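Data block for work-v8.cif (mmCIF, C-alpha atoms):
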```cif
data_query
loop_
_atom_site.group_PDB
_atom_site.id
_atom_site.type_symbol
_atom_site.label_atom_id
_atom_site.label_comp_id
_atom_site.auth_asym_id
_atom_site.auth_seq_id
_atom_site.Cartn_x
_atom_site.Cartn_y
_atom_site.Cartn_z
ATOM 1 C CA MET A 8 157.321 -105.799 111.533
ATOM 2 C CA ASN A 9 158.617 -105.515 115.085
ATOM 3 C CA ASN A 10 157.898 -108.286 117.539
ATOM 4 C CA GLY A 11 158.301 -106.484 120.851
ATOM 5 C CA PRO A 12 155.551 -105.378 123.226
ATOM 6 C CA GLU A 13 154.736 -102.579 120.781
ATOM 7 C CA ASP A 14 153.917 -105.123 118.121
ATOM 8 C CA PRO A 15 150.473 -104.067 116.817
ATOM 9 C CA LEU A 16 149.379 -107.671 116.386
ATOM 10 C CA GLU A 17 150.190 -108.481 120.003
ATOM 11 C CA ARG A 18 148.522 -105.252 121.094
ATOM 12 C CA TRP A 19 145.400 -106.182 119.153
ATOM 13 C CA GLU A 20 145.356 -109.721 120.572
ATOM 14 C CA LYS A 21 145.719 -108.346 124.095
ATOM 15 C CA HIS A 22 142.964 -105.835 123.392
ATOM 16 C CA ARG A 23 140.588 -108.527 122.120
ATOM 17 C CA GLN A 24 141.354 -110.729 125.116
ATOM 18 C CA THR A 25 140.797 -108.029 127.706
ATOM 19 C CA SER A 26 138.006 -105.954 126.211
ATOM 20 C CA ARG A 27 135.355 -108.627 126.167
ATOM 21 C CA PRO A 28 132.148 -107.896 128.062
ATOM 22 C CA GLU A 29 130.660 -110.129 130.730
ATOM 23 C CA LEU A 30 127.386 -112.020 130.598
ATOM 24 C CA PRO A 31 124.525 -110.535 132.611
ATOM 25 C CA ALA A 32 124.483 -112.009 136.117
ATOM 26 C CA ASP A 33 121.001 -113.463 135.649
ATOM 27 C CA PHE A 34 121.866 -115.234 132.380
ATOM 28 C CA SER A 35 121.651 -118.794 133.699
ATOM 29 C CA GLN A 36 118.445 -117.980 135.581
ATOM 30 C CA ARG A 37 116.793 -116.656 132.410
ATOM 31 C CA LEU A 38 118.077 -119.602 130.412
ATOM 32 C CA MET A 39 116.726 -122.119 132.896
ATOM 33 C CA GLN A 40 113.255 -120.589 132.587
ATOM 34 C CA GLN A 41 113.260 -121.803 129.001
ATOM 35 C CA ILE A 42 114.265 -125.290 130.013
ATOM 36 C CA LYS A 43 111.290 -127.252 131.196
ATOM 37 C CA PRO A 44 111.070 -130.941 130.336
ATOM 38 C CA PRO A 45 114.024 -133.098 131.348
ATOM 39 C CA PRO A 46 115.628 -135.060 128.471
ATOM 40 C CA ARG A 47 114.180 -138.384 129.669
ATOM 41 C CA GLN A 48 110.750 -136.969 128.757
ATOM 42 C CA ALA A 49 111.861 -137.149 125.154
ATOM 43 C CA GLY A 50 111.674 -140.929 125.560
ATOM 44 C CA ALA A 51 108.263 -140.652 127.152
ATOM 45 C CA LYS A 52 107.111 -138.473 124.260
ATOM 46 C CA LEU A 53 108.336 -141.073 121.780
ATOM 47 C CA MET A 54 106.546 -143.811 123.693
ATOM 48 C CA GLY A 55 103.356 -141.736 123.695
ATOM 49 C CA LEU A 56 103.672 -141.336 119.950
ATOM 50 C CA TRP A 57 103.977 -145.106 119.489
ATOM 51 C CA LEU A 58 101.045 -145.768 121.786
ATOM 52 C CA GLY A 59 98.976 -143.285 119.788
ATOM 53 C CA ARG A 60 99.875 -145.011 116.536
ATOM 54 C CA MET A 61 99.095 -148.426 117.950
ATOM 55 C CA ALA A 62 95.704 -147.185 119.185
ATOM 56 C CA LEU A 63 94.963 -145.826 115.702
ATOM 57 C CA VAL A 64 95.869 -149.131 114.036
ATOM 58 C CA ALA A 65 93.795 -151.051 116.610
ATOM 59 C CA GLY A 66 90.840 -148.736 115.917
ATOM 60 C CA ILE A 67 91.099 -149.288 112.149
ATOM 61 C CA LEU A 68 91.305 -153.061 112.648
ATOM 62 C CA LEU A 69 88.291 -152.994 114.966
ATOM 63 C CA ILE A 70 86.198 -151.054 112.454
ATOM 64 C CA ALA A 71 87.277 -153.469 109.695
ATOM 65 C CA ALA A 72 86.378 -156.457 111.891
ATOM 66 C CA LEU A 73 82.944 -154.971 112.690
ATOM 67 C CA ARG A 74 82.250 -154.388 109.020
ATOM 68 C CA VAL A 75 83.248 -157.958 108.142
ATOM 69 C CA HIS A 76 81.097 -159.178 111.028
ATOM 70 C CA ALA A 77 78.126 -157.119 109.795
ATOM 71 C CA ALA A 78 78.577 -158.341 106.227
ATOM 72 C CA LEU A 79 78.732 -161.977 107.345
ATOM 73 C CA TYR A 80 75.695 -161.515 109.587
ATOM 74 C CA LEU A 81 73.668 -160.059 106.738
ATOM 75 C CA PHE A 82 74.846 -162.806 104.370
ATOM 76 C CA LEU A 83 74.008 -165.642 106.774
ATOM 77 C CA HIS A 84 70.662 -164.217 107.809
ATOM 78 C CA GLN A 85 69.334 -163.225 104.441
ATOM 79 C CA PRO A 86 66.071 -164.930 103.492
ATOM 80 C CA ILE A 87 66.575 -167.859 101.147
ATOM 81 C CA MET B 16 133.613 -116.704 140.459
ATOM 82 C CA ASN B 17 132.835 -120.125 139.017
ATOM 83 C CA PRO B 18 135.021 -123.032 139.994
ATOM 84 C CA GLU B 19 137.387 -124.346 137.352
ATOM 85 C CA PRO B 20 135.339 -127.014 135.538
ATOM 86 C CA THR B 21 136.811 -130.475 135.796
ATOM 87 C CA SER B 22 135.794 -133.264 133.491
ATOM 88 C CA SER B 23 134.678 -135.665 136.220
ATOM 89 C CA ASP B 24 132.470 -133.023 137.876
ATOM 90 C CA ASP B 25 130.920 -132.331 134.491
ATOM 91 C CA GLU B 26 130.246 -136.027 133.938
ATOM 92 C CA ALA B 27 128.461 -136.268 137.276
ATOM 93 C CA LEU B 28 126.324 -133.233 136.436
ATOM 94 C CA VAL B 29 125.528 -134.634 132.995
ATOM 95 C CA ARG B 30 124.395 -137.928 134.544
ATOM 96 C CA ARG B 31 122.151 -136.087 136.997
ATOM 97 C CA ALA B 32 120.769 -133.850 134.260
ATOM 98 C CA LEU B 33 119.981 -136.892 132.124
ATOM 99 C CA ALA B 34 118.144 -138.376 135.079
ATOM 100 C CA GLY B 35 115.886 -135.313 135.031
ATOM 101 C CA ASP B 36 117.670 -133.028 137.495
ATOM 102 C CA VAL B 37 117.318 -129.605 135.878
ATOM 103 C CA SER B 38 119.433 -127.944 138.575
ATOM 104 C CA ALA B 39 122.379 -130.149 137.546
ATOM 105 C CA PHE B 40 122.149 -128.695 134.051
ATOM 106 C CA GLU B 41 122.076 -125.226 135.570
ATOM 107 C CA GLY B 42 125.322 -126.202 137.283
ATOM 108 C CA LEU B 43 126.817 -127.043 133.890
ATOM 109 C CA VAL B 44 125.615 -123.723 132.497
ATOM 110 C CA LYS B 45 127.232 -121.800 135.344
ATOM 111 C CA ARG B 46 130.510 -123.642 134.912
ATOM 112 C CA HIS B 47 130.777 -123.058 131.174
ATOM 113 C CA GLU B 48 128.773 -119.917 130.378
ATOM 114 C CA ARG B 49 131.762 -117.591 130.608
ATOM 115 C CA THR B 50 133.868 -119.540 128.110
ATOM 116 C CA VAL B 51 130.974 -120.112 125.715
ATOM 117 C CA PHE B 52 130.083 -116.421 125.853
ATOM 118 C CA GLY B 53 133.748 -115.502 125.317
ATOM 119 C CA ILE B 54 133.928 -117.645 122.192
ATOM 120 C CA ALA B 55 130.616 -116.239 120.978
ATOM 121 C CA TRP B 56 131.747 -112.672 121.569
ATOM 122 C CA GLN B 57 135.090 -113.192 119.842
ATOM 123 C CA SER B 58 133.142 -114.640 116.914
ATOM 124 C CA THR B 59 130.402 -112.048 116.629
ATOM 125 C CA ARG B 60 131.937 -108.932 118.248
ATOM 126 C CA ASN B 61 128.454 -107.999 119.327
ATOM 127 C CA GLU B 62 127.292 -108.377 122.896
ATOM 128 C CA GLN B 63 123.648 -109.135 122.132
ATOM 129 C CA SER B 64 124.465 -111.601 119.349
ATOM 130 C CA ALA B 65 126.983 -113.294 121.623
ATOM 131 C CA GLU B 66 124.415 -113.621 124.388
ATOM 132 C CA ASP B 67 121.846 -115.043 121.958
ATOM 133 C CA LEU B 68 124.399 -117.475 120.584
ATOM 134 C CA THR B 69 125.393 -118.572 124.112
ATOM 135 C CA GLN B 70 121.762 -119.173 124.949
ATOM 136 C CA GLU B 71 121.241 -121.161 121.760
ATOM 137 C CA ALA B 72 124.342 -123.256 122.469
ATOM 138 C CA PHE B 73 123.069 -124.255 125.902
ATOM 139 C CA LEU B 74 119.539 -124.918 124.657
ATOM 140 C CA ASN B 75 120.962 -127.151 121.912
ATOM 141 C CA ALA B 76 123.133 -128.903 124.480
ATOM 142 C CA TRP B 77 120.105 -129.527 126.693
ATOM 143 C CA LYS B 78 118.022 -130.878 123.834
ATOM 144 C CA SER B 79 120.737 -133.259 122.663
ATOM 145 C CA LEU B 80 122.281 -134.118 126.018
ATOM 146 C CA HIS B 81 121.220 -137.745 125.581
ATOM 147 C CA ARG B 82 123.471 -137.882 122.520
ATOM 148 C CA TYR B 83 126.585 -136.796 124.425
ATOM 149 C CA GLN B 84 129.041 -139.693 124.798
ATOM 150 C CA SER B 85 131.571 -139.197 127.557
ATOM 151 C CA ASP B 86 133.892 -141.844 126.107
ATOM 152 C CA LEU B 87 134.331 -139.702 122.980
ATOM 153 C CA GLY B 88 135.497 -136.610 124.864
ATOM 154 C CA ALA B 89 134.905 -134.172 127.690
ATOM 155 C CA PHE B 90 131.586 -132.374 128.047
ATOM 156 C CA SER B 91 133.358 -129.048 127.510
ATOM 157 C CA THR B 92 134.728 -130.275 124.158
ATOM 158 C CA TRP B 93 131.237 -131.315 123.094
ATOM 159 C CA LEU B 94 129.757 -128.003 124.220
ATOM 160 C CA HIS B 95 132.488 -126.014 122.473
ATOM 161 C CA ALA B 96 131.809 -127.964 119.282
ATOM 162 C CA ILE B 97 128.127 -126.959 119.508
ATOM 163 C CA THR B 98 129.224 -123.344 119.996
ATOM 164 C CA ARG B 99 131.654 -123.575 117.066
ATOM 165 C CA ASN B 100 128.891 -124.860 114.782
ATOM 166 C CA LEU B 101 126.625 -121.982 115.772
ATOM 167 C CA CYS B 102 129.448 -119.474 115.196
ATOM 168 C CA ARG B 103 130.032 -120.936 111.746
ATOM 169 C CA LYS B 104 126.342 -120.645 110.936
ATOM 170 C CA GLN B 105 126.393 -117.033 112.079
ATOM 171 C CA TRP B 106 129.442 -116.217 109.929
ATOM 172 C CA HIS B 107 127.842 -117.723 106.861
ATOM 173 C CA ARG B 108 124.597 -115.894 107.545
ATOM 174 C CA GLN B 109 126.550 -112.649 107.827
ATOM 175 C CA SER B 110 128.567 -113.281 104.684
ATOM 176 C CA THR B 111 125.428 -113.962 102.667
ATOM 177 C CA GLY B 112 123.214 -111.452 104.475
ATOM 178 C CA PRO B 113 123.116 -107.687 104.057
ATOM 179 C CA ALA B 114 125.385 -105.817 106.474
ATOM 180 C CA SER B 115 128.011 -107.385 108.680
ATOM 181 C CA GLY B 116 127.048 -107.844 112.326
ATOM 182 C CA ILE B 117 130.457 -106.728 113.535
ATOM 183 C CA ALA B 118 129.812 -104.037 116.066
ATOM 184 C CA ALA B 119 131.607 -100.760 116.022
ATOM 185 C CA GLU B 120 133.700 -101.079 119.085
ATOM 186 C CA PRO B 121 135.744 -98.454 120.875
ATOM 187 C CA ALA B 122 139.431 -99.147 120.412
ATOM 188 C CA CYS B 123 142.090 -98.656 123.071
ATOM 189 C CA HIS B 124 141.560 -95.596 125.157
ATOM 190 C CA HIS B 125 144.740 -93.625 124.756
ATOM 191 C CA SER B 126 145.744 -90.178 125.874
ATOM 192 C CA GLU B 127 147.041 -89.125 122.461
ATOM 193 C CA PRO B 128 144.317 -88.845 119.806
ATOM 194 C CA ASP B 129 146.702 -89.756 116.937
ATOM 195 C CA VAL B 130 147.752 -92.972 118.619
ATOM 196 C CA ALA B 131 144.120 -93.832 119.417
ATOM 197 C CA THR B 132 143.119 -93.248 115.796
ATOM 198 C CA SER B 133 146.028 -95.313 114.551
ATOM 199 C CA ASN B 134 145.130 -98.107 116.967
ATOM 200 C CA ARG B 135 141.511 -97.984 115.882
ATOM 201 C CA GLU B 136 142.468 -98.300 112.222
ATOM 202 C CA THR B 137 144.909 -101.111 112.903
ATOM 203 C CA PHE B 138 142.478 -102.973 115.108
ATOM 204 C CA ALA B 139 139.659 -102.573 112.590
ATOM 205 C CA LEU B 140 141.929 -103.911 109.863
ATOM 206 C CA LEU B 141 142.915 -106.904 111.997
ATOM 207 C CA ASP B 142 139.272 -107.583 112.928
ATOM 208 C CA GLN B 143 138.430 -107.540 109.241
ATOM 209 C CA SER B 144 141.373 -109.771 108.327
ATOM 210 C CA LEU B 145 140.385 -112.286 110.987
ATOM 211 C CA ALA B 146 136.847 -112.339 109.597
ATOM 212 C CA GLU B 147 138.229 -113.105 106.142
ATOM 213 C CA LEU B 148 140.175 -116.159 107.268
ATOM 214 C CA PRO B 149 138.898 -119.611 106.259
ATOM 215 C CA ASP B 150 136.758 -121.118 109.027
ATOM 216 C CA GLU B 151 139.294 -123.630 110.344
ATOM 217 C CA PHE B 152 142.008 -120.970 110.813
ATOM 218 C CA ARG B 153 139.574 -118.515 112.291
ATOM 219 C CA ILE B 154 138.277 -121.136 114.729
ATOM 220 C CA ALA B 155 141.786 -122.174 115.802
ATOM 221 C CA PHE B 156 142.777 -118.543 116.355
ATOM 222 C CA ILE B 157 139.644 -117.570 118.264
ATOM 223 C CA PHE B 158 139.551 -120.646 120.486
ATOM 224 C CA ALA B 159 143.267 -121.031 121.166
ATOM 225 C CA VAL B 160 144.554 -117.449 121.105
ATOM 226 C CA LEU B 161 141.726 -115.040 121.798
ATOM 227 C CA GLU B 162 139.818 -117.272 124.189
ATOM 228 C CA GLY B 163 142.977 -118.977 125.448
ATOM 229 C CA LEU B 164 141.702 -122.562 125.450
ATOM 230 C CA PRO B 165 144.376 -125.272 125.678
ATOM 231 C CA LEU B 166 145.572 -126.428 122.261
ATOM 232 C CA ALA B 167 144.773 -130.035 123.181
ATOM 233 C CA ASP B 168 141.135 -129.099 123.871
ATOM 234 C CA VAL B 169 140.822 -127.245 120.570
ATOM 235 C CA ALA B 170 142.436 -130.202 118.794
ATOM 236 C CA ALA B 171 139.983 -132.609 120.448
ATOM 237 C CA MET B 172 137.074 -130.412 119.399
ATOM 238 C CA GLU B 173 138.316 -130.190 115.819
ATOM 239 C CA ARG B 174 139.301 -133.883 115.832
ATOM 240 C CA VAL B 175 142.775 -133.123 114.514
ATOM 241 C CA PRO B 176 146.259 -133.484 116.056
ATOM 242 C CA VAL B 177 147.561 -130.681 118.277
ATOM 243 C CA GLY B 178 150.213 -129.918 115.638
ATOM 244 C CA THR B 179 147.478 -129.084 113.149
ATOM 245 C CA ILE B 180 145.981 -126.517 115.511
ATOM 246 C CA LYS B 181 149.443 -124.999 116.093
ATOM 247 C CA SER B 182 149.943 -124.767 112.365
ATOM 248 C CA ARG B 183 146.488 -123.201 111.849
ATOM 249 C CA VAL B 184 147.199 -120.595 114.537
ATOM 250 C CA SER B 185 150.548 -119.779 113.032
ATOM 251 C CA ARG B 186 149.080 -119.452 109.541
ATOM 252 C CA ALA B 187 146.314 -117.244 110.897
ATOM 253 C CA ARG B 188 148.946 -115.014 112.512
ATOM 254 C CA ALA B 189 150.899 -114.919 109.259
ATOM 255 C CA HIS B 190 147.764 -113.787 107.423
ATOM 256 C CA LEU B 191 147.139 -111.060 110.000
ATOM 257 C CA ARG B 192 150.765 -109.925 109.810
ATOM 258 C CA SER B 193 150.612 -109.677 106.053
ATOM 259 C CA ALA B 194 147.503 -107.514 106.385
ATOM 260 C CA LEU B 195 149.447 -105.273 108.776
ATOM 261 C CA ASN B 196 152.372 -105.099 106.357
ATOM 262 C CA GLU B 197 150.036 -104.036 103.582
ATOM 263 C CA LEU B 198 148.674 -101.288 105.815
ATOM 264 C CA ASP B 199 152.252 -100.153 106.577
ATOM 265 C CA HIS B 200 153.015 -99.925 102.878
ATOM 266 C CA GLN B 201 149.883 -97.906 102.217
ATOM 267 C CA LEU B 202 150.865 -95.344 104.869
#
```

Show the structure stored in the file as structure tokens.
Amino acid sequence: MNNGPEDPLERWEKHRQTSRPELPADFSQRLMQQIKPPPRQAGAKLMGLWLGRMALVAGILLIAALRVHAALYLFLHQPI
Amino acid sequence: MNPEPTSSDDEALVRRALAGDVSAFEGLVKRHERTVFGIAWQSTRNEQSAEDLTQEAFLNAWKSLHRYQSDLGAFSTWLHAITRNLCRKQWHRQSTGPASGIAAEPACHHSEPDVATSNRETFALLDQSLAELPDEFRIAFIFAVLEGLPLADVAAMERVPVGTIKSRVSRARAHLRSALNELDHQL
């Protein structure tokens, strides 16, 4: 196989390097339309998730406490 | 058109983007879109697929920007690694999927039809041989030879010494040459 400028491998490499198309001019503009929340909002989202969970646990505990309270009230106030 | 990206400029843009400045990320996109698209096109040989892959690479980069660690390498290396992973995925999808996504592409325009036909056959054979290479050789060849990225950058992306990338490129070339030799013998 010859290695000069007529080398088919070199010709093919050159062809692949030079024949590539270009991105549309508005590529970055279109891409940025898909990018909305900044990355720091990921942290805010995580915090929101934790707050939600904590609120749920607090709600369950409150209901449990109310039920215990109601049970005790009924027990202490039942006619002897 | 775009200024040559330097690592320190990239770092500054990354910091601003992480602080919520979307326009800073757009700056990063503009600085690197041409290279990422070039890699994607050399990998897919299809303009639309390459554009989709470029878009996916930047969206992935945006989503995981907080995970980028500048002390482990340049932003461009990190971004190219994201692109490489997407290219790999695409290759494996194509190899397991129905038809190959390699686009029929016009070969060299030449005045003599015989030469053009011969070129087209040779180029198609070389395209096919490149697609058959194991991933690491294919990646080294596409990034270092076809896209012309510095060997040190490709080595950093692959987390191997520069010598390994040189050796992968040379073995890829040897594979392509042997495919050409086989074609010569057939003719």

Among listed residues B:Leu166, B:Leu198, B:Val184, B:Ala32, nearest Pro149 in chain B (using all atoms listed in the file):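 Going through B:Leu166, B:Leu198, B:Val184, B:Ala32 one by one, the smallest distance to Pro149 in chain B is for B:Val184.
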
Taking all atoms listed in the file into account and nothing else, which residues of chain B lie no more than 10 Å away from chain A? Please answer as number ranges by chain. B: 32-38, 40-45, 48-49, 52-54, 56-57, 60-63, 65-66, 69-71, 73-74, 77-81, 120-123, 134-135, 137-139, 141-142, 157, 160-163, 188, 191-193, 195-196, 199

Please save C-alpha atoms of the selected residues as a compact mmCIF listing (two decimals), keeping the file's coordinate frame.
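Writing the result to part-v6.txt gives the following:
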```
# COMPACT_ATOMS: atom_id res chain seq x y z
CA ALA B 32 120.77 -133.85 134.26
CA LEU B 33 119.98 -136.89 132.12
CA ALA B 34 118.14 -138.38 135.08
CA GLY B 35 115.89 -135.31 135.03
CA ASP B 36 117.67 -133.03 137.50
CA VAL B 37 117.32 -129.60 135.88
CA SER B 38 119.43 -127.94 138.57
CA PHE B 40 122.15 -128.70 134.05
CA GLU B 41 122.08 -125.23 135.57
CA GLY B 42 125.32 -126.20 137.28
CA LEU B 43 126.82 -127.04 133.89
CA VAL B 44 125.62 -123.72 132.50
CA LYS B 45 127.23 -121.80 135.34
CA GLU B 48 128.77 -119.92 130.38
CA ARG B 49 131.76 -117.59 130.61
CA PHE B 52 130.08 -116.42 125.85
CA GLY B 53 133.75 -115.50 125.32
CA ILE B 54 133.93 -117.64 122.19
CA TRP B 56 131.75 -112.67 121.57
CA GLN B 57 135.09 -113.19 119.84
CA ARG B 60 131.94 -108.93 118.25
CA ASN B 61 128.45 -108.00 119.33
CA GLU B 62 127.29 -108.38 122.90
CA GLN B 63 123.65 -109.14 122.13
CA ALA B 65 126.98 -113.29 121.62
CA GLU B 66 124.42 -113.62 124.39
CA THR B 69 125.39 -118.57 124.11
CA GLN B 70 121.76 -119.17 124.95
CA GLU B 71 121.24 -121.16 121.76
CA PHE B 73 123.07 -124.26 125.90
CA LEU B 74 119.54 -124.92 124.66
CA TRP B 77 120.10 -129.53 126.69
CA LYS B 78 118.02 -130.88 123.83
CA SER B 79 120.74 -133.26 122.66
CA LEU B 80 122.28 -134.12 126.02
CA HIS B 81 121.22 -137.74 125.58
CA GLU B 120 133.70 -101.08 119.08
CA PRO B 121 135.74 -98.45 120.88
CA ALA B 122 139.43 -99.15 120.41
CA CYS B 123 142.09 -98.66 123.07
CA ASN B 134 145.13 -98.11 116.97
CA ARG B 135 141.51 -97.98 115.88
CA THR B 137 144.91 -101.11 112.90
CA PHE B 138 142.48 -102.97 115.11
CA ALA B 139 139.66 -102.57 112.59
CA LEU B 141 142.92 -106.90 112.00
CA ASP B 142 139.27 -107.58 112.93
CA ILE B 157 139.64 -117.57 118.26
CA VAL B 160 144.55 -117.45 121.10
CA LEU B 161 141.73 -115.04 121.80
CA GLU B 162 139.82 -117.27 124.19
CA GLY B 163 142.98 -118.98 125.45
CA ARG B 188 148.95 -115.01 112.51
CA LEU B 191 147.14 -111.06 110.00
CA ARG B 192 150.76 -109.92 109.81
CA SER B 193 150.61 -109.68 106.05
CA LEU B 195 149.45 -105.27 108.78
CA ASN B 196 152.37 -105.10 106.36
CA ASP B 199 152.25 -100.15 106.58
```

List the neighbours of Gly178 in chain B out to 12 Å using only C-alpha atoms; skip same-chain residues closer than 5 positions along the sequence, and give me the result as an MDAnalysis selection string. chainID B and resid 155 166:167 169:171 173 183:185

At what distance in Å, to one decimal, does CA of Glu26 in chain B lie from CA of Cys102 in chain B?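 Straight-line distance from CA of Cys102 in chain B to CA of Glu26 in chain B works out to 25.0 Å.
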
What is the CA of Lys181 in chain B-CA of His47 in chain B distance in Å, reported with one decimal?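 Atom-to-atom, CA of Lys181 in chain B and CA of His47 in chain B are spaced 24.1 Å apart.
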
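From CA of Asp86 in chain B back to CA of Ser23 in chain B, the distance works out to 11.9 Å.
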
Could the centre and edge lengths of an axis-aligned box, enclosing all atoms of range 139-149 of chain B in the file with 4 Å extra on each side, be given in Å to one decimal as AutoDock Vina command-line options?
```
--center_x 139.9 --center_y -111.1 --center_z 109.5 --size_x 14.1 --size_y 25.0 --size_z 14.8
```
